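The next block is query.json, given as JSON, C-alpha atoms.
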```
[["chain", "number", "residue", "atom", "x", "y", "z"],
["X", 1, "MET", "CA", -27.84, 20.50, 12.13],
["X", 2, "ALA", "CA", -28.21, 19.38, 8.54],
["X", 3, "THR", "CA", -29.51, 21.89, 6.03],
["X", 4, "ASP", "CA", -31.13, 21.14, 2.73],
["X", 5, "THR", "CA", -30.06, 24.50, 1.32],
["X", 6, "ARG", "CA", -26.47, 23.43, 0.68],
["X", 7, "PRO", "CA", -25.34, 20.67, -1.70],
["X", 8, "LEU", "CA", -23.79, 17.54, -0.20],
["X", 9, "ALA", "CA", -20.34, 16.23, -1.12],
["X", 10, "LEU", "CA", -18.78, 12.91, -0.15],
["X", 11, "VAL", "CA", -14.98, 12.76, 0.08],
["X", 12, "THR", "CA", -13.07, 9.54, 0.72],
["X", 13, "GLY", "CA", -9.58, 9.33, 2.19],
["X", 14, "ALA", "CA", -10.22, 12.71, 3.79],
["X", 15, "SER", "CA", -8.29, 12.48, 7.06],
["X", 16, "SER", "CA", -5.11, 13.94, 5.57],
["X", 17, "GLY", "CA", -3.29, 14.83, 2.37],
["X", 18, "ILE", "CA", -5.12, 15.44, -0.89],
["X", 19, "GLY", "CA", -8.44, 14.14, 0.43],
["X", 20, "TYR", "CA", -8.38, 16.50, 3.41],
["X", 21, "GLU", "CA", -7.61, 19.42, 1.11],
["X", 22, "LEU", "CA", -10.36, 18.37, -1.32],
["X", 23, "ALA", "CA", -12.82, 18.39, 1.57],
["X", 24, "LYS", "CA", -11.71, 21.92, 2.48],
["X", 25, "CYS", "CA", -12.19, 23.00, -1.14],
["X", 26, "CYS", "CA", -15.74, 21.65, -1.03],
["X", 27, "ALA", "CA", -16.45, 23.46, 2.23],
["X", 28, "CYS", "CA", -15.12, 26.76, 0.91],
["X", 29, "ASP", "CA", -17.41, 26.36, -2.11],
["X", 30, "GLY", "CA", -20.49, 25.89, 0.08],
["X", 31, "PHE", "CA", -20.85, 22.10, 0.24],
["X", 32, "ASP", "CA", -21.84, 20.23, 3.37],
["X", 33, "LEU", "CA", -19.75, 17.09, 3.67],
["X", 34, "ILE", "CA", -19.57, 13.46, 4.55],
["X", 35, "ILE", "CA", -15.90, 12.56, 4.94],
["X", 36, "VAL", "CA", -14.48, 9.11, 5.44],
["X", 37, "ALA", "CA", -11.19, 7.43, 6.27],
["X", 38, "ASP", "CA", -10.12, 4.21, 7.98],
["X", 39, "GLU", "CA", -8.46, 6.00, 10.90],
["X", 40, "PRO", "CA", -9.63, 8.03, 13.93],
["X", 41, "GLN", "CA", -8.03, 11.21, 12.57],
["X", 42, "ILE", "CA", -11.15, 11.64, 10.43],
["X", 43, "GLN", "CA", -12.84, 13.07, 13.54],
["X", 44, "HIS", "CA", -10.25, 15.86, 13.78],
["X", 45, "ALA", "CA", -10.57, 16.56, 10.06],
["X", 46, "ALA", "CA", -14.33, 17.02, 10.53],
["X", 47, "GLU", "CA", -13.74, 19.54, 13.31],
["X", 48, "ASP", "CA", -11.44, 21.55, 11.04],
["X", 49, "ILE", "CA", -13.99, 21.55, 8.23],
["X", 50, "ARG", "CA", -16.89, 22.56, 10.48],
["X", 51, "ALA", "CA", -14.84, 25.62, 11.40],
["X", 52, "LEU", "CA", -15.31, 26.73, 7.78],
["X", 53, "GLY", "CA", -19.04, 27.13, 8.42],
["X", 54, "VAL", "CA", -20.50, 23.94, 6.95],
["X", 55, "GLN", "CA", -21.70, 20.59, 8.21],
["X", 56, "ALA", "CA", -19.13, 17.78, 8.18],
["X", 57, "GLU", "CA", -20.13, 14.25, 9.13],
["X", 58, "PRO", "CA", -17.12, 11.97, 9.78],
["X", 59, "VAL", "CA", -17.29, 8.24, 9.08],
["X", 60, "GLN", "CA", -14.53, 5.86, 10.10],
["X", 61, "ALA", "CA", -14.77, 2.91, 7.73],
["X", 62, "ASP", "CA", -12.47, 0.57, 5.80],
["X", 63, "LEU", "CA", -13.28, 1.16, 2.14],
["X", 64, "ALA", "CA", -11.27, -1.92, 1.18],
["X", 65, "THR", "CA", -14.34, -3.92, 2.26],
["X", 66, "PHE", "CA", -17.94, -3.99, 1.05],
["X", 67, "ASP", "CA", -19.05, -3.61, 4.67],
["X", 68, "GLY", "CA", -17.02, -0.42, 4.97],
["X", 69, "VAL", "CA", -18.52, 1.06, 1.82],
["X", 70, "ASP", "CA", -22.01, 0.05, 2.96],
["X", 71, "LYS", "CA", -21.38, 1.80, 6.29],
["X", 72, "LEU", "CA", -20.49, 4.96, 4.40],
["X", 73, "LEU", "CA", -23.54, 4.69, 2.13],
["X", 74, "ALA", "CA", -25.79, 4.22, 5.17],
["X", 75, "ALA", "CA", -24.40, 7.42, 6.70],
["X", 76, "ALA", "CA", -25.08, 9.24, 3.44],
["X", 77, "LYS", "CA", -28.65, 7.92, 3.34],
["X", 78, "ARG", "CA", -29.30, 9.24, 6.84],
["X", 79, "GLU", "CA", -28.57, 12.74, 5.55],
["X", 80, "GLY", "CA", -31.85, 12.58, 3.63],
["X", 81, "ARG", "CA", -30.53, 14.43, 0.59],
["X", 82, "PRO", "CA", -28.66, 13.42, -2.55],
["X", 83, "ILE", "CA", -24.91, 13.36, -3.01],
["X", 84, "GLU", "CA", -24.18, 16.10, -5.51],
["X", 85, "ALA", "CA", -20.42, 15.51, -5.66],
["X", 86, "LEU", "CA", -18.43, 12.33, -5.06],
["X", 87, "LEU", "CA", -14.68, 12.76, -4.66],
["X", 88, "ALA", "CA", -13.30, 9.22, -4.72],
["X", 89, "ASN", "CA", -9.82, 9.85, -3.37],
["X", 90, "ALA", "CA", -9.14, 6.95, -0.97],
["X", 91, "GLY", "CA", -6.01, 5.06, -1.97],
["X", 92, "ARG", "CA", -3.16, 3.04, -0.58],
["X", 93, "GLY", "CA", 0.41, 2.60, -1.78],
["X", 94, "LEU", "CA", 2.93, -0.22, -1.47],
["X", 95, "GLY", "CA", 6.61, -0.02, -2.22],
["X", 96, "ARG", "CA", 9.43, -2.58, -2.68],
["X", 97, "ALA", "CA", 9.73, -5.58, -4.99],
["X", 98, "TYR", "CA", 6.49, -7.44, -5.65],
["X", 99, "LEU", "CA", 7.83, -10.89, -4.76],
["X", 100, "ASP", "CA", 8.99, -9.55, -1.39],
["X", 101, "GLN", "CA", 5.61, -8.07, -0.47],
["X", 102, "ASN", "CA", 3.10, -9.63, 1.89],
["X", 103, "PHE", "CA", 0.14, -10.71, -0.22],
["X", 104, "ASP", "CA", -2.35, -9.46, 2.36],
["X", 105, "ASP", "CA", -0.82, -6.01, 1.84],
["X", 106, "VAL", "CA", -1.08, -6.46, -1.93],
["X", 107, "MET", "CA", -4.77, -7.28, -1.72],
["X", 108, "ARG", "CA", -5.43, -4.34, 0.60],
["X", 109, "VAL", "CA", -4.04, -2.01, -2.06],
["X", 110, "VAL", "CA", -6.14, -3.63, -4.78],
["X", 111, "ASN", "CA", -9.28, -3.70, -2.66],
["X", 112, "THR", "CA", -8.90, -0.09, -1.52],
["X", 113, "ASN", "CA", -7.83, 1.46, -4.79],
["X", 114, "ILE", "CA", -10.01, -0.56, -7.17],
["X", 115, "VAL", "CA", -12.68, -2.83, -5.65],
["X", 116, "GLY", "CA", -14.02, -0.52, -2.95],
["X", 117, "THR", "CA", -13.78, 2.49, -5.25],
["X", 118, "LEU", "CA", -15.73, 0.74, -8.02],
["X", 119, "TYR", "CA", -18.42, -0.41, -5.60],
["X", 120, "LEU", "CA", -18.88, 3.12, -4.24],
["X", 121, "LEU", "CA", -18.85, 4.67, -7.70],
["X", 122, "GLN", "CA", -21.54, 2.33, -8.98],
["X", 123, "LYS", "CA", -23.84, 2.87, -6.00],
["X", 124, "VAL", "CA", -23.55, 6.67, -6.02],
["X", 125, "GLY", "CA", -23.22, 6.98, -9.79],
["X", 126, "ARG", "CA", -26.52, 5.18, -10.42],
["X", 127, "GLU", "CA", -28.35, 7.60, -8.12],
["X", 128, "MET", "CA", -26.75, 10.56, -9.88],
["X", 129, "ARG", "CA", -27.71, 9.22, -13.30],
["X", 130, "ASP", "CA", -31.30, 8.64, -12.17],
["X", 131, "ARG", "CA", -31.50, 12.28, -11.01],
["X", 132, "GLY", "CA", -29.75, 13.56, -14.12],
["X", 133, "ARG", "CA", -27.09, 15.50, -12.27],
["X", 134, "GLY", "CA", -23.91, 15.06, -10.27],
["X", 135, "LYS", "CA", -20.15, 15.47, -10.28],
["X", 136, "ILE", "CA", -17.56, 12.73, -9.78],
["X", 137, "LEU", "CA", -13.85, 13.21, -9.22],
["X", 138, "ILE", "CA", -11.61, 10.13, -9.22],
["X", 139, "THR", "CA", -8.05, 10.46, -7.94],
["X", 140, "GLY", "CA", -5.87, 8.59, -10.38],
["X", 141, "SER", "CA", -2.17, 9.36, -10.87],
["X", 142, "ILE", "CA", 0.48, 9.96, -13.49],
["X", 143, "ALA", "CA", 1.90, 6.73, -11.99],
["X", 144, "GLY", "CA", -0.72, 5.00, -14.12],
["X", 145, "PHE", "CA", 1.17, 6.06, -17.26],
["X", 146, "MET", "CA", 4.25, 3.95, -16.53],
["X", 147, "PRO", "CA", 5.22, 0.46, -15.31],
["X", 148, "GLY", "CA", 5.89, 0.87, -11.59],
["X", 149, "THR", "CA", 9.08, -1.03, -10.90],
["X", 150, "TYR", "CA", 9.24, -1.44, -7.08],
["X", 151, "GLN", "CA", 5.69, -0.06, -7.02],
["X", 152, "ALA", "CA", 4.14, -2.51, -9.44],
["X", 153, "VAL", "CA", 0.78, -3.10, -7.77],
["X", 154, "TYR", "CA", 0.13, 0.55, -6.93],
["X", 155, "ASN", "CA", 0.93, 1.79, -10.43],
["X", 156, "GLY", "CA", -1.23, -0.97, -11.87],
["X", 157, "THR", "CA", -4.20, 0.13, -9.79],
["X", 158, "LYS", "CA", -3.74, 3.74, -10.87],
["X", 159, "ALA", "CA", -3.50, 2.69, -14.54],
["X", 160, "PHE", "CA", -6.86, 1.01, -14.02],
["X", 161, "LEU", "CA", -8.43, 4.09, -12.44],
["X", 162, "ASP", "CA", -7.04, 6.45, -15.08],
["X", 163, "SER", "CA", -8.51, 4.27, -17.84],
["X", 164, "PHE", "CA", -11.75, 3.60, -16.01],
["X", 165, "SER", "CA", -12.45, 7.29, -15.43],
["X", 166, "TYR", "CA", -12.31, 8.04, -19.16],
["X", 167, "ALA", "CA", -14.62, 5.13, -19.94],
["X", 168, "LEU", "CA", -17.15, 6.08, -17.26],
["X", 169, "ARG", "CA", -17.07, 9.69, -18.39],
["X", 170, "HIS", "CA", -18.09, 8.71, -21.91],
["X", 171, "GLU", "CA", -20.72, 6.25, -20.71],
["X", 172, "LEU", "CA", -22.32, 9.13, -18.79],
["X", 173, "LYS", "CA", -22.05, 11.61, -21.65],
["X", 174, "ASP", "CA", -25.22, 13.73, -21.92],
["X", 175, "SER", "CA", -26.57, 12.22, -18.66],
["X", 176, "GLY", "CA", -26.01, 15.34, -16.59],
["X", 177, "VAL", "CA", -23.27, 13.54, -14.61],
["X", 178, "THR", "CA", -19.65, 14.51, -15.21],
["X", 179, "VAL", "CA", -16.56, 12.44, -14.40],
["X", 180, "SER", "CA", -13.16, 14.03, -13.89],
["X", 181, "CYS", "CA", -9.83, 12.35, -13.14],
["X", 182, "LEU", "CA", -7.20, 14.02, -10.96],
["X", 183, "MET", "CA", -3.74, 12.80, -11.94],
["X", 184, "PRO", "CA", -1.14, 14.15, -9.49],
["X", 185, "GLY", "CA", 2.50, 13.27, -9.30],
["X", 186, "ALA", "CA", 4.44, 12.85, -6.06],
["X", 187, "THR", "CA", 2.65, 14.98, -3.46],
["X", 188, "GLU", "CA", 3.59, 16.02, 0.07],
["X", 189, "THR", "CA", 1.39, 13.64, 2.08],
["X", 190, "ASP", "CA", 1.81, 10.60, 4.35],
["X", 191, "PHE", "CA", 1.69, 8.35, 1.27],
["X", 192, "PHE", "CA", 5.38, 7.50, 0.97],
["X", 193, "GLU", "CA", 5.85, 6.85, 4.67],
["X", 194, "ARG", "CA", 2.83, 4.54, 4.73],
["X", 195, "ALA", "CA", 4.05, 2.79, 1.60],
["X", 196, "ASP", "CA", 7.49, 2.17, 3.21],
["X", 197, "MET", "CA", 9.23, 4.26, 0.56],
["X", 198, "MET", "CA", 11.10, 6.87, 2.58],
["X", 199, "ASP", "CA", 14.45, 5.33, 1.60],
["X", 200, "THR", "CA", 13.80, 5.83, -2.12],
["X", 201, "LYS", "CA", 14.68, 8.78, -4.35],
["X", 202, "VAL", "CA", 11.04, 9.63, -4.93],
["X", 203, "GLY", "CA", 10.27, 9.33, -1.22],
["X", 204, "ALA", "CA", 13.08, 11.72, -0.31],
["X", 205, "ALA", "CA", 12.55, 14.18, -3.15],
["X", 206, "GLU", "CA", 10.71, 17.50, -2.99],
["X", 207, "LYS", "CA", 7.02, 17.06, -3.75],
["X", 208, "ASP", "CA", 3.98, 19.05, -4.81],
["X", 209, "ASP", "CA", 1.81, 20.81, -2.27],
["X", 210, "ALA", "CA", -1.36, 18.85, -1.43],
["X", 211, "ALA", "CA", -3.52, 21.99, -1.23],
["X", 212, "MET", "CA", -2.45, 23.06, -4.72],
["X", 213, "VAL", "CA", -3.12, 19.60, -6.15],
["X", 214, "ALA", "CA", -6.55, 19.44, -4.51],
["X", 215, "LYS", "CA", -7.56, 22.91, -5.73],
["X", 216, "GLN", "CA", -6.72, 22.03, -9.32],
["X", 217, "GLY", "CA", -8.66, 18.79, -9.06],
["X", 218, "PHE", "CA", -11.66, 20.45, -7.44],
["X", 219, "ASP", "CA", -11.75, 23.20, -10.07],
["X", 220, "ALA", "CA", -11.62, 20.59, -12.86],
["X", 221, "MET", "CA", -14.51, 18.70, -11.28],
["X", 222, "MET", "CA", -16.64, 21.83, -10.94],
["X", 223, "LYS", "CA", -16.00, 22.72, -14.59],
["X", 224, "GLY", "CA", -16.74, 19.16, -15.70],
["X", 225, "GLU", "CA", -13.30, 18.72, -17.26],
["X", 226, "GLY", "CA", -12.19, 15.19, -18.10],
["X", 227, "GLN", "CA", -8.77, 15.14, -16.52],
["X", 228, "VAL", "CA", -6.16, 17.30, -14.89],
["X", 229, "VAL", "CA", -2.46, 16.56, -14.50],
["X", 230, "THR", "CA", -1.14, 18.82, -11.75],
["X", 231, "GLY", "CA", 2.15, 20.72, -12.04],
["X", 232, "TRP", "CA", 4.22, 21.48, -15.14],
["X", 233, "GLN", "CA", 6.83, 18.83, -14.29],
["X", 234, "ASN", "CA", 4.13, 16.19, -14.08],
["X", 235, "LYS", "CA", 2.61, 17.39, -17.35],
["X", 236, "LEU", "CA", 6.03, 16.99, -18.96],
["X", 237, "GLN", "CA", 6.50, 13.55, -17.41],
["X", 238, "ALA", "CA", 3.07, 12.46, -18.62],
["X", 239, "ALA", "CA", 3.82, 13.67, -22.16],
["X", 240, "ILE", "CA", 7.15, 11.80, -22.18],
["X", 241, "ALA", "CA", 5.47, 8.63, -20.91],
["X", 242, "HIS", "CA", 3.10, 8.60, -23.90],
["X", 243, "VAL", "CA", 6.00, 8.38, -26.39],
["X", 244, "THR", "CA", 8.55, 6.33, -24.45],
["X", 245, "PRO", "CA", 8.80, 2.51, -24.70],
["X", 246, "ALA", "CA", 7.41, 0.69, -21.67],
["X", 247, "ASP", "CA", 10.74, -1.04, -21.02],
["X", 248, "THR", "CA", 12.50, 2.32, -20.78],
["X", 249, "LEU", "CA", 9.80, 3.68, -18.49],
["X", 250, "ALA", "CA", 10.15, 0.66, -16.20],
["X", 251, "GLU", "CA", 13.89, 1.28, -15.90],
["X", 252, "MET", "CA", 13.34, 4.98, -15.21],
["X", 253, "HIS", "CA", 10.85, 4.13, -12.47],
["X", 254, "SER", "CA", 13.28, 1.66, -10.95],
["X", 255, "ARG", "CA", 15.83, 4.43, -10.40],
["X", 256, "MET", "CA", 13.22, 6.49, -8.54],
["X", 257, "ALA", "CA", 11.54, 3.78, -6.44],
["X", 258, "GLN", "CA", 14.28, 1.23, -5.71],
["X", 259, "PRO", "CA", 14.79, 0.83, -1.93],
["X", 260, "GLY", "CA", 18.02, 2.22, -0.54],
["X", 261, "THR", "CA", 18.49, 4.96, -3.12],
["X", 262, "GLY", "CA", 17.10, 7.92, -1.17],
["X", 263, "LYS", "CA", 18.54, 10.28, 1.44],
["X", 264, "ALA", "CA", 16.94, 8.29, 4.25],
["X", 265, "ALA", "CA", 19.23, 5.39, 3.38],
["X", 266, "GLU", "CA", 22.44, 7.45, 3.46]]
```
As structure tokens, the full file:
Amino acid sequence: MATDTRPLALVTGASSGIGYELAKCCACDGFDLIIVADEPQIQHAAEDIRALGVQAEPVQADLATFDGVDKLLAAAKREGRPIEALLANAGRGLGRAYLDQNFDDVMRVVNTNIVGTLYLLQKVGREMRDRGRGKILITGSIAGFMPGTYQAVYNGTKAFLDSFSYALRHELKDSGVTVSCLMPGATETDFFERADMMDTKVGAAEKDDAAMVAKQGFDAMMKGEGQVVTGWQNKLQAAIAHVTPADTLAEMHSRMAQPGTGKAAE
């Protein structure tokens, strides 16, 4: 049964990986939750989160569509209480050379990572601004700092989100609403398998722990910090990206993301 004594958090892309761990962080901090993903596993994630002693309402919806976002917003409205924290984590990857990709797949990445995310952020963000309080966490990526050879569309969407989060943060300055951007590197999730990148060096390499990444992002959101790059190697990579020519970065990324270069291809 819903309770109005606990704050409400909304976490997207919460069926697995970073989103699932972010939802658990919210639960451990006393938030009730609405969690959403485009797959049935969101029901199992809700069961896990309820075991932590909070309410968790699962919504299966495709956030690449306006209808999917509206379905999520309708579920939130039925709760009868405001969203105090929005963790916009839903994202989709796509590997291999751009000209070899199916354009429907390209648009699904753009619509999930950018269009649906922007639509949700505007709807929820306006309500937060009107109330004068709220916390927003946007999952960007250090991938947004470099041209993504063999991951061009994905990196482009993350560059957009990284930039957008800073802009929105400053537009909401002194409004009572904070915006934080989580910028992880390669993380141990289903991302690389879904993006068809298991035969690349980055797909086969050791990755950061999703729970660690989520905890750092959640803590940054709760403190109202602007951005957090997780892991010292990613911090170093981000610093190098800021002073390295784009052409060099594109070549470096090619060596990591080119198909056939990982252990799975050997």
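Residues in contact range of Val110 in chain X, defined as at most 10 Å between all atoms listed in the file, with sequence neighbours fewer than 2 positions away removed, read Ala64, Gly91, Arg92, Gly93, Asp104, Asp105, Val106, Met107, Arg108, Thr112, Asn113, Ile114, Val115, Gly116, Thr117, Val153, Tyr154, Gly156, Thr157 and Lys158 of chain X.
Within 12 Å of Ala51 in chain X, once only C-alpha atoms are used and residues closer than 3 positions along the same chain are dropped, the contacting residues are Lys24, Ala27, Cys28, Asp32, His44, Ala45, Ala46, Glu47, Asp48, Val54, Gln55 and Ala56 of chain X.
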Which is closer to Val213 in chain X than all the others in X:Val228, X:Lys71, X:Phe160, X:Val59, using only C-alpha atoms? X:Val228
Can you measure CA of Ile49 in chain X to CA of Ala23 in chain X for me? One decimal in Å is fine. 7.5 Å
Excluding Leu86 in chain X and residues on its chain fewer than 5 positions from it, collect all residues at most 8 Å away from it, counting all atoms listed in the file, and give them as a PyMOL selection string. chain X and resi 9-11+124+135-137
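When all atoms listed in the file are used to measure the gap to Lys123 in chain X, the shortest distance among X:Arg169, X:Arg6, X:Arg50, X:Lys77 belongs to X:Lys77.
Residues lying within 10 Å of Asp70 in chain X, counting all atoms listed in the file and ignoring same-chain neighbours fewer than 3 positions away, are Ala61, Asp62, Leu63, Thr65, Phe66, Asp67, Leu73, Ala74, Ala75, Ala76, Gly116, Tyr119, Leu120 and Lys123 of chain X.
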d(CA of Phe218 in chain X, CA of Cys26 in chain X) in Å: 7.7 Å
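Our summary of the geometry notes that CA of Thr149 in chain X is positioned 11.7 Å from CA of Leu99 in chain X.
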Show me the residues close to (-29.3, 9.1, -5.5) - anything with an atom within 8 Å, counting only C-alpha atoms - and format the list as number ranges by chain. X: 82-83, 124-131
Given all atoms listed in the file as the counted atoms, nearest of X:Gly144, X:Asn89, X:Phe31, X:Pro40 to Gly217 in chain X: X:Asn89
Counting all atoms listed in the file, give me one row per residue of range 50-155 of chain X with an atom at most 6 Å from an atom of range 174-186 of chain X, showing the shortest contact pair and its distance in Å to one decimal, sorted by chain then residue number, as a tab-separated table.
```
residue	atom	partner	partner_atom	distance
X:Gly132	CA	X:Gly176	CA	4.8
X:Arg133	CA	X:Gly176	CA	4.5
X:Gly134	CA	X:Val177	CA	4.6
X:Lys135	CA	X:Thr178	CA	5.0
X:Ile136	CA	X:Val179	CA	4.7
X:Leu137	CA	X:Ser180	CA	4.8
X:Ile138	CA	X:Cys181	CA	4.8
X:Thr139	CA	X:Leu182	CA	4.7
X:Gly140	CA	X:Met183	CA	5.0
X:Ser141	CA	X:Met183	CA	3.9
X:Ile142	CA	X:Met183	CA	5.3
```
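Counting all atoms listed in the file and comparing X:Ala214, X:Ala143, X:Ile42, X:Ala220, the residue that lies closest to Asp162 in chain X is X:Ala143.
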Using all atoms listed in the file, which protein or nucleic acid residues come within 10 Å of Ser16 in chain X? Drop anything in the same chain fewer than 3 positions from it, and give the result as a PyMOL selection string. chain X and resi 13+19-23+37+41-42+44-45+189-191+210
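Minimum atom-to-atom distance to Asp29 in chain X, evaluated using only C-alpha atoms, belongs to X:Pro7 out of X:Pro7, X:Glu79, X:Gly95, X:Ala167.
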Enclose all atoms of range 78-96 of chain X listed in the file in an axis-aligned box, grow every side by 3 Å, and hand back centre and edge lengths in Å to one decimal, as lines of an AutoDock Vina configuration file.
```
center_x = -11.2
center_y = 6.8
center_z = 0.6
size_x = 47.3
size_y = 24.7
size_z = 18.5
```
Would you fill the gaps in range 207-230 of chain X so it has N, CA and C atoms, then print it as a PDB file, in the frame of the given file?
```pdb
ATOM      1  N   LYS X 207       8.290  17.468  -3.158  1.00  0.00           N
ATOM      2  CA  LYS X 207       7.020  17.060  -3.750  1.00  0.00           C
ATOM      3  C   LYS X 207       6.066  18.238  -3.880  1.00  0.00           C
ATOM      4  N   ASP X 208       4.986  18.015  -4.614  1.00  0.00           N
ATOM      5  CA  ASP X 208       3.980  19.050  -4.810  1.00  0.00           C
ATOM      6  C   ASP X 208       3.174  19.274  -3.537  1.00  0.00           C
ATOM      7  N   ASP X 209       2.626  20.456  -3.412  1.00  0.00           N
ATOM      8  CA  ASP X 209       1.810  20.810  -2.270  1.00  0.00           C
ATOM      9  C   ASP X 209       0.412  20.217  -2.406  1.00  0.00           C
ATOM     10  N   ALA X 210      -0.068  19.536  -1.367  1.00  0.00           N
ATOM     11  CA  ALA X 210      -1.360  18.850  -1.430  1.00  0.00           C
ATOM     12  C   ALA X 210      -2.505  19.817  -1.658  1.00  0.00           C
ATOM     13  N   ALA X 211      -2.445  21.008  -1.055  1.00  0.00           N
ATOM     14  CA  ALA X 211      -3.520  21.990  -1.230  1.00  0.00           C
ATOM     15  C   ALA X 211      -3.607  22.452  -2.678  1.00  0.00           C
ATOM     16  N   MET X 212      -2.460  22.651  -3.319  1.00  0.00           N
ATOM     17  CA  MET X 212      -2.450  23.060  -4.720  1.00  0.00           C
ATOM     18  C   MET X 212      -3.023  21.966  -5.612  1.00  0.00           C
ATOM     19  N   VAL X 213      -2.620  20.732  -5.361  1.00  0.00           N
ATOM     20  CA  VAL X 213      -3.120  19.600  -6.150  1.00  0.00           C
ATOM     21  C   VAL X 213      -4.635  19.491  -6.004  1.00  0.00           C
ATOM     22  N   ALA X 214      -5.118  19.572  -4.769  1.00  0.00           N
ATOM     23  CA  ALA X 214      -6.550  19.440  -4.510  1.00  0.00           C
ATOM     24  C   ALA X 214      -7.347  20.546  -5.192  1.00  0.00           C
ATOM     25  N   LYS X 215      -6.843  21.781  -5.115  1.00  0.00           N
ATOM     26  CA  LYS X 215      -7.560  22.910  -5.730  1.00  0.00           C
ATOM     27  C   LYS X 215      -7.704  22.724  -7.227  1.00  0.00           C
ATOM     28  N   GLN X 216      -6.645  22.252  -7.877  1.00  0.00           N
ATOM     29  CA  GLN X 216      -6.720  22.030  -9.320  1.00  0.00           C
ATOM     30  C   GLN X 216      -7.713  20.917  -9.651  1.00  0.00           C
ATOM     31  N   GLY X 217      -7.713  19.872  -8.834  1.00  0.00           N
ATOM     32  CA  GLY X 217      -8.660  18.790  -9.060  1.00  0.00           C
ATOM     33  C   GLY X 217     -10.095  19.224  -8.821  1.00  0.00           C
ATOM     34  N   PHE X 218     -10.316  19.965  -7.752  1.00  0.00           N
ATOM     35  CA  PHE X 218     -11.660  20.450  -7.440  1.00  0.00           C
ATOM     36  C   PHE X 218     -12.183  21.364  -8.552  1.00  0.00           C
ATOM     37  N   ASP X 219     -11.341  22.281  -9.010  1.00  0.00           N
ATOM     38  CA  ASP X 219     -11.750  23.200 -10.070  1.00  0.00           C
ATOM     39  C   ASP X 219     -12.109  22.434 -11.348  1.00  0.00           C
ATOM     40  N   ALA X 220     -11.325  21.403 -11.670  1.00  0.00           N
ATOM     41  CA  ALA X 220     -11.620  20.590 -12.860  1.00  0.00           C
ATOM     42  C   ALA X 220     -12.961  19.893 -12.712  1.00  0.00           C
ATOM     43  N   MET X 221     -13.233  19.356 -11.527  1.00  0.00           N
ATOM     44  CA  MET X 221     -14.510  18.700 -11.280  1.00  0.00           C
ATOM     45  C   MET X 221     -15.672  19.675 -11.450  1.00  0.00           C
ATOM     46  N   MET X 222     -15.558  20.855 -10.874  1.00  0.00           N
ATOM     47  CA  MET X 222     -16.640  21.830 -10.940  1.00  0.00           C
ATOM     48  C   MET X 222     -16.889  22.302 -12.375  1.00  0.00           C
ATOM     49  N   LYS X 223     -15.850  22.331 -13.188  1.00  0.00           N
ATOM     50  CA  LYS X 223     -16.000  22.720 -14.590  1.00  0.00           C
ATOM     51  C   LYS X 223     -16.419  21.552 -15.469  1.00  0.00           C
ATOM     52  N   GLY X 224     -16.391  20.341 -14.916  1.00  0.00           N
ATOM     53  CA  GLY X 224     -16.740  19.160 -15.700  1.00  0.00           C
ATOM     54  C   GLY X 224     -15.656  18.713 -16.656  1.00  0.00           C
ATOM     55  N   GLU X 225     -14.408  19.115 -16.383  1.00  0.00           N
ATOM     56  CA  GLU X 225     -13.300  18.720 -17.260  1.00  0.00           C
ATOM     57  C   GLU X 225     -12.964  17.243 -17.077  1.00  0.00           C
ATOM     58  N   GLY X 226     -12.438  16.628 -18.129  1.00  0.00           N
ATOM     59  CA  GLY X 226     -12.190  15.190 -18.100  1.00  0.00           C
ATOM     60  C   GLY X 226     -11.026  14.773 -17.241  1.00  0.00           C
ATOM     61  N   GLN X 227      -9.939  15.524 -17.301  1.00  0.00           N
ATOM     62  CA  GLN X 227      -8.770  15.140 -16.520  1.00  0.00           C
ATOM     63  C   GLN X 227      -7.879  16.343 -16.273  1.00  0.00           C
ATOM     64  N   VAL X 228      -7.118  16.256 -15.186  1.00  0.00           N
ATOM     65  CA  VAL X 228      -6.160  17.300 -14.890  1.00  0.00           C
ATOM     66  C   VAL X 228      -4.891  16.657 -14.341  1.00  0.00           C
ATOM     67  N   VAL X 229      -3.776  16.946 -14.989  1.00  0.00           N
ATOM     68  CA  VAL X 229      -2.460  16.560 -14.500  1.00  0.00           C
ATOM     69  C   VAL X 229      -1.885  17.782 -13.800  1.00  0.00           C
ATOM     70  N   THR X 230      -1.554  17.659 -12.536  1.00  0.00           N
ATOM     71  CA  THR X 230      -1.140  18.820 -11.750  1.00  0.00           C
ATOM     72  C   THR X 230       0.363  19.074 -11.878  1.00  0.00           C
TER      73      THR X 230
END
```
